[in-house]
Structures are given as C-alpha cells and as structure tokens.
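Q: See structure-v7.tsv below, with TSV, C-alpha atoms.
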chain	number	residue	atom	x	y	z
A	17	ALA	CA	-6.22	-10.69	-12.96
A	18	GLN	CA	-2.83	-9.28	-12.19
A	19	SER	CA	-0.61	-10.59	-9.44
A	20	VAL	CA	2.72	-9.90	-7.80
A	21	ALA	CA	5.04	-12.39	-6.16
A	22	GLN	CA	7.86	-11.69	-3.77
A	23	PRO	CA	9.50	-15.09	-3.38
A	24	GLU	CA	11.58	-14.24	-0.31
A	25	ASP	CA	9.96	-13.58	3.05
A	26	GLN	CA	13.21	-12.20	4.42
A	27	VAL	CA	16.56	-11.07	3.07
A	28	ASN	CA	19.59	-10.74	5.32
A	29	VAL	CA	22.57	-8.73	4.19
A	30	ALA	CA	25.63	-7.24	5.81
A	31	GLU	CA	25.97	-3.48	5.86
A	32	GLY	CA	27.89	-2.27	2.84
A	33	ASN	CA	26.98	-5.28	0.72
A	34	PRO	CA	24.63	-5.14	-2.27
A	35	LEU	CA	20.95	-5.62	-1.56
A	36	THR	CA	18.46	-7.23	-3.93
A	37	VAL	CA	14.77	-7.76	-3.24
A	38	LYS	CA	13.02	-9.88	-5.84
A	39	CYS	CA	9.65	-9.28	-7.45
A	40	THR	CA	7.89	-10.97	-10.34
A	41	TYR	CA	4.58	-9.95	-11.79
A	42	SER	CA	1.78	-11.24	-13.96
A	43	VAL	CA	-0.34	-8.75	-15.85
A	44	SER	CA	-1.96	-8.52	-19.24
A	45	GLY	CA	-0.78	-5.50	-21.11
A	46	ASN	CA	1.91	-3.06	-20.10
A	47	PRO	CA	2.63	-3.12	-16.38
A	48	TYR	CA	2.85	-0.12	-14.09
A	49	LEU	CA	5.12	-1.30	-11.26
A	50	PHE	CA	5.95	0.22	-7.89
A	51	TRP	CA	8.12	-0.35	-4.86
A	52	TYR	CA	7.11	0.88	-1.42
A	53	VAL	CA	8.92	0.59	1.91
A	54	GLN	CA	7.32	0.30	5.32
A	55	TYR	CA	9.25	1.06	8.49
A	56	PRO	CA	7.99	-0.37	11.80
A	57	ASN	CA	4.63	1.07	12.82
A	58	ARG	CA	4.68	3.48	9.91
A	59	GLY	CA	2.84	3.89	6.66
A	60	LEU	CA	4.12	3.04	3.22
A	61	GLN	CA	6.65	5.29	1.59
A	62	PHE	CA	6.98	5.40	-2.17
A	63	LEU	CA	10.42	4.41	-3.46
A	64	LEU	CA	10.14	4.27	-7.23
A	65	LYS	CA	7.94	3.33	-10.16
A	66	TYR	CA	8.20	2.01	-13.67
A	67	ILE	CA	5.67	3.16	-16.22
A	68	THR	CA	7.58	3.32	-19.46
A	69	GLY	CA	10.99	4.22	-20.77
A	70	ASP	CA	14.34	3.09	-19.41
A	71	ASN	CA	14.35	-0.34	-17.84
A	72	LEU	CA	16.53	0.88	-14.99
A	73	VAL	CA	14.58	3.13	-12.68
A	74	LYS	CA	16.25	5.20	-9.98
A	75	GLY	CA	14.37	6.08	-6.84
A	76	SER	CA	14.67	7.41	-3.31
A	77	TYR	CA	17.39	6.62	-0.77
A	78	GLY	CA	19.78	5.21	-3.39
A	79	PHE	CA	17.44	2.44	-4.51
A	80	GLU	CA	16.93	1.40	-8.09
A	81	ALA	CA	14.95	-1.28	-9.86
A	82	GLU	CA	15.36	-3.08	-13.12
A	83	PHE	CA	12.35	-3.88	-15.26
A	84	ASN	CA	12.81	-7.09	-17.24
A	85	LYS	CA	9.92	-7.80	-19.55
A	86	SER	CA	11.09	-11.21	-20.73
A	87	GLN	CA	11.46	-12.44	-17.15
A	88	THR	CA	8.44	-10.44	-15.90
A	89	SER	CA	10.57	-9.19	-13.04
A	90	PHE	CA	11.09	-5.89	-11.28
A	91	HIS	CA	13.82	-6.49	-8.71
A	92	LEU	CA	14.77	-3.77	-6.27
A	93	LYS	CA	18.47	-3.12	-5.76
A	94	LYS	CA	20.83	-1.02	-3.72
A	95	PRO	CA	24.58	-1.19	-4.29
A	96	SER	CA	25.54	-0.71	-0.65
A	97	ALA	CA	23.00	-1.45	2.08
A	98	LEU	CA	22.70	0.54	5.29
A	99	VAL	CA	21.44	-0.65	8.67
A	100	SER	CA	18.70	1.97	8.31
A	101	ASP	CA	17.42	0.15	5.20
A	102	SER	CA	16.06	-2.57	7.48
A	103	ALA	CA	12.32	-2.51	6.80
A	104	LEU	CA	9.49	-4.27	4.98
A	105	TYR	CA	9.48	-3.83	1.21
A	106	PHE	CA	6.48	-4.20	-1.03
A	107	CYS	CA	6.29	-4.58	-4.77
A	108	ALA	CA	3.00	-3.59	-6.39
A	109	VAL	CA	1.37	-3.47	-9.79
A	110	ARG	CA	-1.31	-1.04	-10.77
A	111	ASP	CA	-4.52	-2.60	-11.96
A	112	ILE	CA	-5.41	-2.14	-15.60
A	113	GLY	CA	-8.67	-0.96	-16.99
A	114	PRO	CA	-10.15	2.50	-17.35
A	115	ALA	CA	-11.88	2.39	-13.99
A	116	ALA	CA	-8.95	1.10	-11.98
A	117	GLY	CA	-7.48	4.48	-11.11
A	118	ASN	CA	-4.44	3.92	-8.92
A	119	LYS	CA	-5.67	0.69	-7.38
A	120	LEU	CA	-2.67	-1.49	-6.53
A	121	THR	CA	-2.14	-5.20	-6.12
A	122	PHE	CA	0.66	-5.85	-3.63
A	123	GLY	CA	3.08	-8.66	-3.16
A	124	GLY	CA	3.30	-10.26	0.24
A	125	GLY	CA	6.30	-8.20	1.26
A	126	THR	CA	9.94	-8.97	1.96
A	127	ARG	CA	11.54	-8.14	5.26
A	128	VAL	CA	15.07	-6.82	4.87
A	129	LEU	CA	17.49	-7.07	7.75
A	130	VAL	CA	20.79	-5.29	7.34
A	131	LYS	CA	23.35	-6.30	9.95
A	132	PRO	CA	26.20	-4.04	10.99
V	5	ASN	CA	1.12	20.34	1.38
V	6	ALA	CA	0.28	17.96	4.17
V	7	GLY	CA	0.34	14.30	3.37
V	8	VAL	CA	-2.51	11.85	3.65
V	9	MET	CA	-3.84	12.14	7.18
V	10	GLN	CA	-5.44	9.24	8.95
V	11	ASN	CA	-6.96	9.28	12.37
V	12	PRO	CA	-6.95	7.90	14.85
V	13	ARG	CA	-3.53	6.27	14.63
V	14	HIS	CA	-4.55	3.62	17.11
V	15	LEU	CA	-8.06	2.46	17.91
V	16	VAL	CA	-9.15	-0.10	20.46
V	17	ARG	CA	-12.67	-1.47	20.31
V	18	ARG	CA	-14.47	-4.20	22.19
V	19	ARG	CA	-16.15	-6.93	20.21
V	20	GLY	CA	-19.51	-5.75	18.94
V	21	GLN	CA	-18.66	-2.05	18.91
V	22	GLU	CA	-18.33	0.14	15.86
V	23	ALA	CA	-15.05	1.43	14.46
V	24	ARG	CA	-14.80	4.59	12.37
V	25	LEU	CA	-11.57	5.29	10.55
V	26	ARG	CA	-10.97	8.64	8.89
V	27	CYS	CA	-8.80	9.60	5.96
V	28	SER	CA	-8.14	13.10	4.69
V	29	PRO	CA	-6.49	12.94	1.26
V	30	MET	CA	-3.74	15.20	0.10
V	31	LYS	CA	-4.82	18.58	-1.22
V	32	GLY	CA	-6.02	18.29	-4.77
V	33	HIS	CA	-6.53	14.54	-4.55
V	34	SER	CA	-10.04	13.34	-5.28
V	35	HIS	CA	-9.39	9.60	-5.35
V	36	VAL	CA	-9.14	7.56	-2.17
V	37	TYR	CA	-8.23	3.91	-1.69
V	38	TRP	CA	-8.49	1.81	1.46
V	39	TYR	CA	-6.26	-1.20	2.12
V	40	ARG	CA	-6.08	-3.64	5.00
V	41	GLN	CA	-2.90	-5.20	6.31
V	42	LEU	CA	-3.32	-8.20	8.54
V	43	PRO	CA	-0.42	-9.03	10.88
V	44	GLU	CA	2.62	-10.28	8.96
V	45	GLU	CA	0.81	-10.01	5.64
V	46	GLY	CA	0.77	-7.71	2.65
V	47	LEU	CA	-1.77	-5.06	1.88
V	48	LYS	CA	-5.10	-6.09	0.43
V	49	PHE	CA	-7.27	-3.69	-1.51
V	50	MET	CA	-10.65	-2.95	0.00
V	51	VAL	CA	-12.35	-0.07	-1.76
V	52	TYR	CA	-11.74	2.75	-4.24
V	53	LEU	CA	-13.76	5.94	-3.94
V	54	GLN	CA	-14.04	9.26	-5.66
V	55	LYS	CA	-15.99	12.15	-4.23
V	56	GLU	CA	-19.51	10.89	-3.46
V	57	ASN	CA	-18.96	7.72	-5.50
V	58	ILE	CA	-17.81	4.19	-4.81
V	59	ILE	CA	-15.86	3.10	-7.87
V	60	ASP	CA	-14.72	-0.37	-6.83
V	61	GLU	CA	-15.61	-2.17	-3.61
V	62	SER	CA	-14.57	-5.62	-4.74
V	63	GLY	CA	-12.27	-6.06	-1.73
V	64	MET	CA	-14.80	-5.10	0.92
V	65	PRO	CA	-16.31	-7.82	3.08
V	66	LYS	CA	-19.97	-8.19	2.26
V	67	GLU	CA	-21.19	-7.50	5.74
V	68	ARG	CA	-20.38	-4.97	8.47
V	69	PHE	CA	-17.99	-2.89	6.33
V	70	SER	CA	-18.89	0.32	4.53
V	71	ALA	CA	-17.02	3.31	3.14
V	72	GLU	CA	-17.89	6.79	2.02
V	73	PHE	CA	-16.16	9.85	0.65
V	74	PRO	CA	-18.54	12.77	0.93
V	75	LYS	CA	-18.37	15.99	-1.02
V	76	GLU	CA	-17.00	17.71	2.06
V	77	GLY	CA	-14.86	16.13	4.74
V	78	PRO	CA	-12.74	13.02	5.04
V	79	SER	CA	-13.33	9.55	3.73
V	80	ILE	CA	-14.73	7.22	6.39
V	81	LEU	CA	-14.26	3.48	6.67
V	82	ARG	CA	-16.87	2.09	9.03
V	83	ILE	CA	-16.81	-1.34	10.60
V	84	GLN	CA	-19.90	-2.36	12.51
V	85	GLN	CA	-19.99	-5.01	15.22
V	86	VAL	CA	-16.26	-5.56	15.15
V	87	VAL	CA	-14.77	-9.01	15.72
V	88	ARG	CA	-11.25	-10.04	16.68
V	89	GLY	CA	-10.46	-10.89	13.06
V	90	ASP	CA	-10.92	-7.23	12.15
V	91	SER	CA	-7.76	-6.38	14.08
V	92	ALA	CA	-5.37	-5.04	11.45
V	93	ALA	CA	-3.73	-1.93	10.11
V	94	TYR	CA	-5.95	0.00	7.75
V	95	PHE	CA	-4.21	2.23	5.26
V	96	CYS	CA	-5.65	4.95	3.12
V	97	ALA	CA	-4.04	6.22	-0.07
V	98	SER	CA	-4.96	9.13	-2.27
V	99	SER	CA	-4.16	10.27	-5.77
V	100	PRO	CA	-5.19	13.07	-8.08
V	101	PRO	CA	-7.32	12.46	-11.16
V	102	GLY	CA	-5.55	10.64	-13.96
V	103	ARG	CA	-3.45	7.52	-13.97
V	104	GLY	CA	0.01	9.02	-14.18
V	105	PRO	CA	0.87	9.97	-10.60
V	106	GLU	CA	1.42	7.38	-7.93
V	107	ALA	CA	-0.77	7.04	-4.88
V	108	PHE	CA	0.42	8.41	-1.55
V	109	PHE	CA	-0.26	6.52	1.64
V	110	GLY	CA	-1.21	7.66	5.09
V	111	GLN	CA	0.40	6.25	8.22
V	112	GLY	CA	-2.47	3.94	8.88
V	113	THR	CA	-4.90	3.22	11.68
V	114	ARG	CA	-4.11	0.23	13.81
V	115	LEU	CA	-7.33	-1.32	14.99
V	116	THR	CA	-7.25	-3.70	17.92
V	117	VAL	CA	-10.40	-5.56	18.86
V	118	VAL	CA	-10.42	-6.88	22.41
Translate the structure described by the file into structure tokens.

A:
Amino acid sequence: AQSVAQPEDQVNVAEGNPLTVKCTYSVSGNPYLFWYVQYPNRGLQFLLKYITGDNLVKGSYGFEAEFNKSQTSFHLKKPSALVSDSALYFCAVRDIGPAAGNKLTFGGGTRVLVKP
Amino acid sequence: NAGVMQNPRHLVRRRGQEARLRCSPMKGHSHVYWYRQLPEEGLKFMVYLQKENIIDESGMPKERFSAEFPKEGPSILRIQQVVRGDSAAYFCASSPPGRGPEAFFGQGTRLTVV
C-alpha cells in the first residue's frame, strides 16, 4: 500500500525567506504526487502535481516542487514566503490500480507559519 | 463552472440523530470521493463512487455510515446514530472520468455532535 510522510508538523519561517515543506512517499510503480493547501475553515486547494516529465513542477501562488525518485521525495518550495502563505499543507499520492480513480492517500499535513 | 458544492457547511447534531451530508460535483464530473478530517489530523479516504455505483468503500466504518451517488442529484454521505467521535470535517472531491486530471475539493461540511 502506498503512503506519504510529512515529517514536520509545523514550519516557521520569516516573511521573505525561502520556504520548504518536506514530503516523502512510498509507492510501487510510478507515483502521481500532489500538493494541496488548506486555509483555516476552508476546503483544500490544489497547488501542483507531478505525473511525469520534468522533475521540477511549478504550481499556483509561486510554489514549486521537486520530484526526487532516488530519495522518494516531493518537497514543496517557495523562494520568498508571504504572511498569506500561512496555512496547512498536504502532500498526497494517488492510489495505483485500474479501479483507484483519483483516490488519494494524504500525509498528515504540515502547518506553515510565516511571520512578518 | 461552479466548483464542488457541499452543504450544509456546518451541521450540529445531537448524539443518536442522523446526519446527511450532500455533495454536488463539478459539471462533467462523474466520480466522487469522500474524505474525513478529524481535528488536527490529515484527510482519510472514506469512499469512492461513480454514478449509481460504489467503487471502493474500504475507508468507511462498517456500521452507521453509508454513501450513495444516484443517477440524478448530489452524492449523499449518511451517518446514522451519530456519536461524538463522528465530529469532523467531511470533504467531498470530484473528478471527470480518466486518471489524468486531478480531483477538486469542496469546502467541506463541519459536523459537530453534541
């Protein structure tokens, strides 16, 4: 069974500094990986996905993620964090198998706090 | 194209009552997924439905929980005889046929059992 780990419960960063949110995965076969963001009392918003192709994926709001197959990682990055980036971030992997559809397995989430 | 619509946004039920959560997928989407988010936790898969079919219900509790996605109308997640431990945010996601596109999430229904 596939799994996703987000080793940090919370990441604190000063506004303007680089932001990295870590994610590692375990899946048999080629992974389909996603990042979602959740603002307080809101639903999940899609940020970006990796399916195939370039290892560096660019997404919404200036975020990008780097797929590293040898390290089984898919870390989310932003060169210069904003206070408005403070939210809960989830990494997810799509289940494999012909009947899985878009079923996702989520990591436990990482809370990002960007301080002015 | 409206997004995934869930209602109600907030639902309060007394222990023992029934909770009905509704999810209208995006236009053209025929696949619906329900997830539960307990306080301070990640999302856990519950059930995957296509029109009139349950494809995967491996994440559904064995008792009191049921889901449907009829030919017409929204998908319904039904919780009978709610208990305090059912208090959570329930999210619905939808996607079109095929595995290429990502799933889009609704804003969730926050269920509080008192």

Q: Contacts of Asp25 (chain A) at 7 Å or less, counting all atoms listed in the file, minus same-chain residues fewer than 2 places along, as a PyMOL selection string?

A: chain A and resi 23+125-127

Q: What residues in chain A have any atom no more than 9 Å from chain V when counting only C-alpha atoms, and can you write them as a count of residues only?

A: 21

Q: I need every residue sitting at most 10 Å from the point (8.3, 0.9, -17.5) (coordinates as in the file, all atoms listed in the file considered), written as a list of chain:residue names.

A: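 Residues found, by chain and rising number: A:Asn46, A:Pro47, A:Tyr48, A:Leu49, A:Phe50, A:Lys65, A:Tyr66, A:Ile67, A:Thr68, A:Gly69, A:Asp70, A:Asn71, A:Leu72, A:Val73, A:Glu82, A:Phe83, A:Asn84, A:Lys85, A:Phe90.
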
Q: Mind giving me the straight-line distance from CA of Glu22 (chain V) to CA of Gln10 (chain V) in Å, one decimal?

A: 17.2 Å

Q: Kindly indicate which residue among V:Leu25, V:Val87, V:Ala92, V:Met9 lies nearest to Ala71 (chain V), using all atoms listed in the file for the distances.

A: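 So, comparing all the options, the nearest one is V:Leu25.
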
Q: In Å, rounded to a single decimal, give me how far CA of Pro78 (chain V) is from CA of Met30 (chain V).

A: 10.5 Å

Q: Would you work out the distance separating CA of Ala6 (chain V) from CA of Glu72 (chain V), expressed in Å to one decimal?

A: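 So the two atoms, CA of Ala6 (chain V) and CA of Glu72 (chain V), lie 21.4 Å apart.
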
Q: From the options A:Val109, A:Lys93, A:Val130, A:Ser86, which residue's atoms come nearest to Val20 (chain A), counting only C-alpha atoms?

A: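 Under the stated criterion, the closest residue is A:Val109.
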
Q: Assuming 6 Å of padding per side, give the centre and edge lengths of the axis-aligned box around every listed atom of region 17-34 of chain V, in Å to one decimal and as JSON.

A:
{"center_x": -11.6, "center_y": 5.8, "center_z": 8.5, "size_x": 27.8, "size_y": 37.5, "size_z": 39.5}

Q: Excluding Leu92 (chain A) and any residue of its chain fewer than 6 positions from it, enumerate the residues within 9 Å of it, using only C-alpha atoms, and give them as JSON, numbers by chain.

A: {"A": [35, 36, 37, 38, 39, 51, 79, 80, 81, 82, 107]}

Q: Pull the neighbourhood of (-15.6, -0.1, 4.5) for me: all residues within 7 Å in file coordinates, counting all atoms listed in the file, as a ChimeraX atom specification.

A: /V:64,69-71,81-83

Q: Keeping just N, CA, C and O atoms, export region 47-82 of chain A of this structure as an mmCIF file, in the first residue's frame.

A:
data_model
loop_
_atom_site.group_PDB
_atom_site.id
_atom_site.type_symbol
_atom_site.label_atom_id
_atom_site.label_comp_id
_atom_site.auth_asym_id
_atom_site.auth_seq_id
_atom_site.Cartn_x
_atom_site.Cartn_y
_atom_site.Cartn_z
ATOM 1 N N PRO A 47 4.856 7.113 -9.239
ATOM 2 C CA PRO A 47 3.939 7.861 -8.369
ATOM 3 C C PRO A 47 3.290 9.041 -9.082
ATOM 4 O O PRO A 47 3.900 9.681 -9.913
ATOM 5 N N TYR A 48 2.038 9.295 -8.728
ATOM 6 C CA TYR A 48 1.362 10.533 -9.083
ATOM 7 C C TYR A 48 1.250 11.319 -7.780
ATOM 8 O O TYR A 48 0.582 10.881 -6.857
ATOM 9 N N LEU A 49 1.902 12.459 -7.700
ATOM 10 C CA LEU A 49 2.035 13.194 -6.438
ATOM 11 C C LEU A 49 1.373 14.556 -6.523
ATOM 12 O O LEU A 49 1.406 15.204 -7.573
ATOM 13 N N PHE A 50 0.829 15.000 -5.412
ATOM 14 C CA PHE A 50 0.067 16.247 -5.371
ATOM 15 C C PHE A 50 0.418 17.029 -4.109
ATOM 16 O O PHE A 50 0.786 16.453 -3.078
ATOM 17 N N TRP A 51 0.261 18.331 -4.208
ATOM 18 C CA TRP A 51 0.259 19.203 -3.039
ATOM 19 C C TRP A 51 -1.040 20.000 -3.037
ATOM 20 O O TRP A 51 -1.459 20.555 -4.063
ATOM 21 N N TYR A 52 -1.655 20.030 -1.835
ATOM 22 C CA TYR A 52 -2.842 20.830 -1.609
ATOM 23 C C TYR A 52 -2.586 21.755 -0.424
ATOM 24 O O TYR A 52 -1.796 21.435 0.469
ATOM 25 N N VAL A 53 -3.292 22.878 -0.395
ATOM 26 C CA VAL A 53 -3.200 23.809 0.727
ATOM 27 C C VAL A 53 -4.593 24.019 1.306
ATOM 28 O O VAL A 53 -5.589 24.036 0.565
ATOM 29 N N GLN A 54 -4.648 24.121 2.617
ATOM 30 C CA GLN A 54 -5.923 24.338 3.301
ATOM 31 C C GLN A 54 -5.795 25.559 4.184
ATOM 32 O O GLN A 54 -5.004 25.574 5.136
ATOM 33 N N TYR A 55 -6.583 26.583 3.889
ATOM 34 C CA TYR A 55 -6.643 27.758 4.744
ATOM 35 C C TYR A 55 -7.672 27.522 5.836
ATOM 36 O O TYR A 55 -8.557 26.677 5.682
ATOM 37 N N PRO A 56 -7.604 28.248 6.934
ATOM 38 C CA PRO A 56 -8.499 27.997 8.071
ATOM 39 C C PRO A 56 -9.958 27.947 7.668
ATOM 40 O O PRO A 56 -10.451 28.819 6.951
ATOM 41 N N ASN A 57 -10.632 26.887 8.098
ATOM 42 C CA ASN A 57 -12.063 26.704 7.853
ATOM 43 C C ASN A 57 -12.410 26.742 6.363
ATOM 44 O O ASN A 57 -13.502 27.174 5.988
ATOM 45 N N ARG A 58 -11.492 26.268 5.565
ATOM 46 C CA ARG A 58 -11.747 26.221 4.119
ATOM 47 C C ARG A 58 -11.467 24.815 3.606
ATOM 48 O O ARG A 58 -10.937 23.957 4.304
ATOM 49 N N GLY A 59 -11.824 24.593 2.364
ATOM 50 C CA GLY A 59 -11.514 23.317 1.740
ATOM 51 C C GLY A 59 -10.082 23.269 1.276
ATOM 52 O O GLY A 59 -9.283 24.157 1.565
ATOM 53 N N LEU A 60 -9.766 22.215 0.549
ATOM 54 C CA LEU A 60 -8.416 22.054 0.020
ATOM 55 C C LEU A 60 -8.320 22.696 -1.358
ATOM 56 O O LEU A 60 -9.203 22.515 -2.201
ATOM 57 N N GLN A 61 -7.236 23.404 -1.555
ATOM 58 C CA GLN A 61 -6.989 23.987 -2.868
ATOM 59 C C GLN A 61 -5.788 23.303 -3.498
ATOM 60 O O GLN A 61 -4.745 23.140 -2.858
ATOM 61 N N PHE A 62 -5.933 22.931 -4.738
ATOM 62 C CA PHE A 62 -4.864 22.274 -5.471
ATOM 63 C C PHE A 62 -3.737 23.264 -5.747
ATOM 64 O O PHE A 62 -3.979 24.405 -6.169
ATOM 65 N N LEU A 63 -2.504 22.837 -5.484
ATOM 66 C CA LEU A 63 -1.330 23.663 -5.763
ATOM 67 C C LEU A 63 -0.581 23.195 -7.002
ATOM 68 O O LEU A 63 -0.282 23.991 -7.888
ATOM 69 N N LEU A 64 -0.256 21.909 -7.034
ATOM 70 C CA LEU A 64 0.507 21.390 -8.155
ATOM 71 C C LEU A 64 0.500 19.867 -8.112
ATOM 72 O O LEU A 64 0.104 19.273 -7.108
ATOM 73 N N LYS A 65 0.960 19.276 -9.212
ATOM 74 C CA LYS A 65 1.017 17.822 -9.293
ATOM 75 C C LYS A 65 2.216 17.400 -10.127
ATOM 76 O O LYS A 65 2.694 18.147 -10.988
ATOM 77 N N TYR A 66 2.687 16.208 -9.847
ATOM 78 C CA TYR A 66 3.701 15.563 -10.665
ATOM 79 C C TYR A 66 3.113 14.256 -11.177
ATOM 80 O O TYR A 66 2.669 13.413 -10.397
ATOM 81 N N ILE A 67 3.141 14.120 -12.502
ATOM 82 C CA ILE A 67 2.718 12.855 -13.088
ATOM 83 C C ILE A 67 3.864 12.242 -13.870
ATOM 84 O O ILE A 67 4.219 11.078 -13.697
ATOM 85 N N THR A 68 4.466 13.031 -14.700
ATOM 86 C CA THR A 68 5.620 12.583 -15.462
ATOM 87 C C THR A 68 6.308 13.808 -16.027
ATOM 88 O O THR A 68 5.762 14.912 -15.964
ATOM 89 N N GLY A 69 7.524 13.622 -16.548
ATOM 90 C CA GLY A 69 8.180 14.757 -17.178
ATOM 91 C C GLY A 69 9.218 15.401 -16.284
ATOM 92 O O GLY A 69 9.893 14.732 -15.490
ATOM 93 N N ASP A 70 9.321 16.704 -16.346
ATOM 94 C CA ASP A 70 10.334 17.444 -15.593
ATOM 95 C C ASP A 70 10.180 17.208 -14.103
ATOM 96 O O ASP A 70 9.062 17.206 -13.569
ATOM 97 N N ASN A 71 11.308 17.062 -13.441
ATOM 98 C CA ASN A 71 11.277 16.813 -12.001
ATOM 99 C C ASN A 71 10.881 18.052 -11.219
ATOM 100 O O ASN A 71 10.425 17.943 -10.083
ATOM 101 N N LEU A 72 11.057 19.230 -11.786
ATOM 102 C CA LEU A 72 10.654 20.458 -11.121
ATOM 103 C C LEU A 72 9.295 20.883 -11.669
ATOM 104 O O LEU A 72 9.146 21.179 -12.848
ATOM 105 N N VAL A 73 8.337 20.914 -10.776
ATOM 106 C CA VAL A 73 6.966 21.230 -11.162
ATOM 107 C C VAL A 73 6.597 22.599 -10.614
ATOM 108 O O VAL A 73 6.805 22.868 -9.429
ATOM 109 N N LYS A 74 6.074 23.450 -11.441
ATOM 110 C CA LYS A 74 5.641 24.776 -10.989
ATOM 111 C C LYS A 74 4.128 24.778 -10.820
ATOM 112 O O LYS A 74 3.396 24.185 -11.629
ATOM 113 N N GLY A 75 3.686 25.455 -9.737
ATOM 114 C CA GLY A 75 2.267 25.461 -9.455
ATOM 115 C C GLY A 75 1.737 26.848 -9.166
ATOM 116 O O GLY A 75 2.312 27.849 -9.565
ATOM 117 N N SER A 76 0.635 26.871 -8.417
ATOM 118 C CA SER A 76 -0.048 28.127 -8.113
ATOM 119 C C SER A 76 0.686 28.903 -7.044
ATOM 120 O O SER A 76 1.444 28.347 -6.250
ATOM 121 N N TYR A 77 0.421 30.233 -7.027
ATOM 122 C CA TYR A 77 0.889 31.135 -5.973
ATOM 123 C C TYR A 77 2.406 31.138 -5.803
ATOM 124 O O TYR A 77 2.911 31.416 -4.712
ATOM 125 N N GLY A 78 3.155 30.819 -6.855
ATOM 126 C CA GLY A 78 4.609 30.869 -6.782
ATOM 127 C C GLY A 78 5.257 29.634 -6.184
ATOM 128 O O GLY A 78 6.473 29.615 -5.970
ATOM 129 N N PHE A 79 4.464 28.612 -5.904
ATOM 130 C CA PHE A 79 5.012 27.378 -5.353
ATOM 131 C C PHE A 79 5.560 26.471 -6.450
ATOM 132 O O PHE A 79 5.101 26.499 -7.590
ATOM 133 N N GLU A 80 6.531 25.670 -6.065
ATOM 134 C CA GLU A 80 7.070 24.650 -6.936
ATOM 135 C C GLU A 80 7.451 23.442 -6.091
ATOM 136 O O GLU A 80 7.552 23.541 -4.860
ATOM 137 N N ALA A 81 7.620 22.316 -6.734
ATOM 138 C CA ALA A 81 8.005 21.113 -6.011
ATOM 139 C C ALA A 81 8.984 20.325 -6.869
ATOM 140 O O ALA A 81 8.894 20.319 -8.099
ATOM 141 N N GLU A 82 9.897 19.675 -6.177
ATOM 142 C CA GLU A 82 10.911 18.905 -6.871
ATOM 143 C C GLU A 82 10.732 17.417 -6.596
ATOM 144 O O GLU A 82 10.763 16.978 -5.434
#
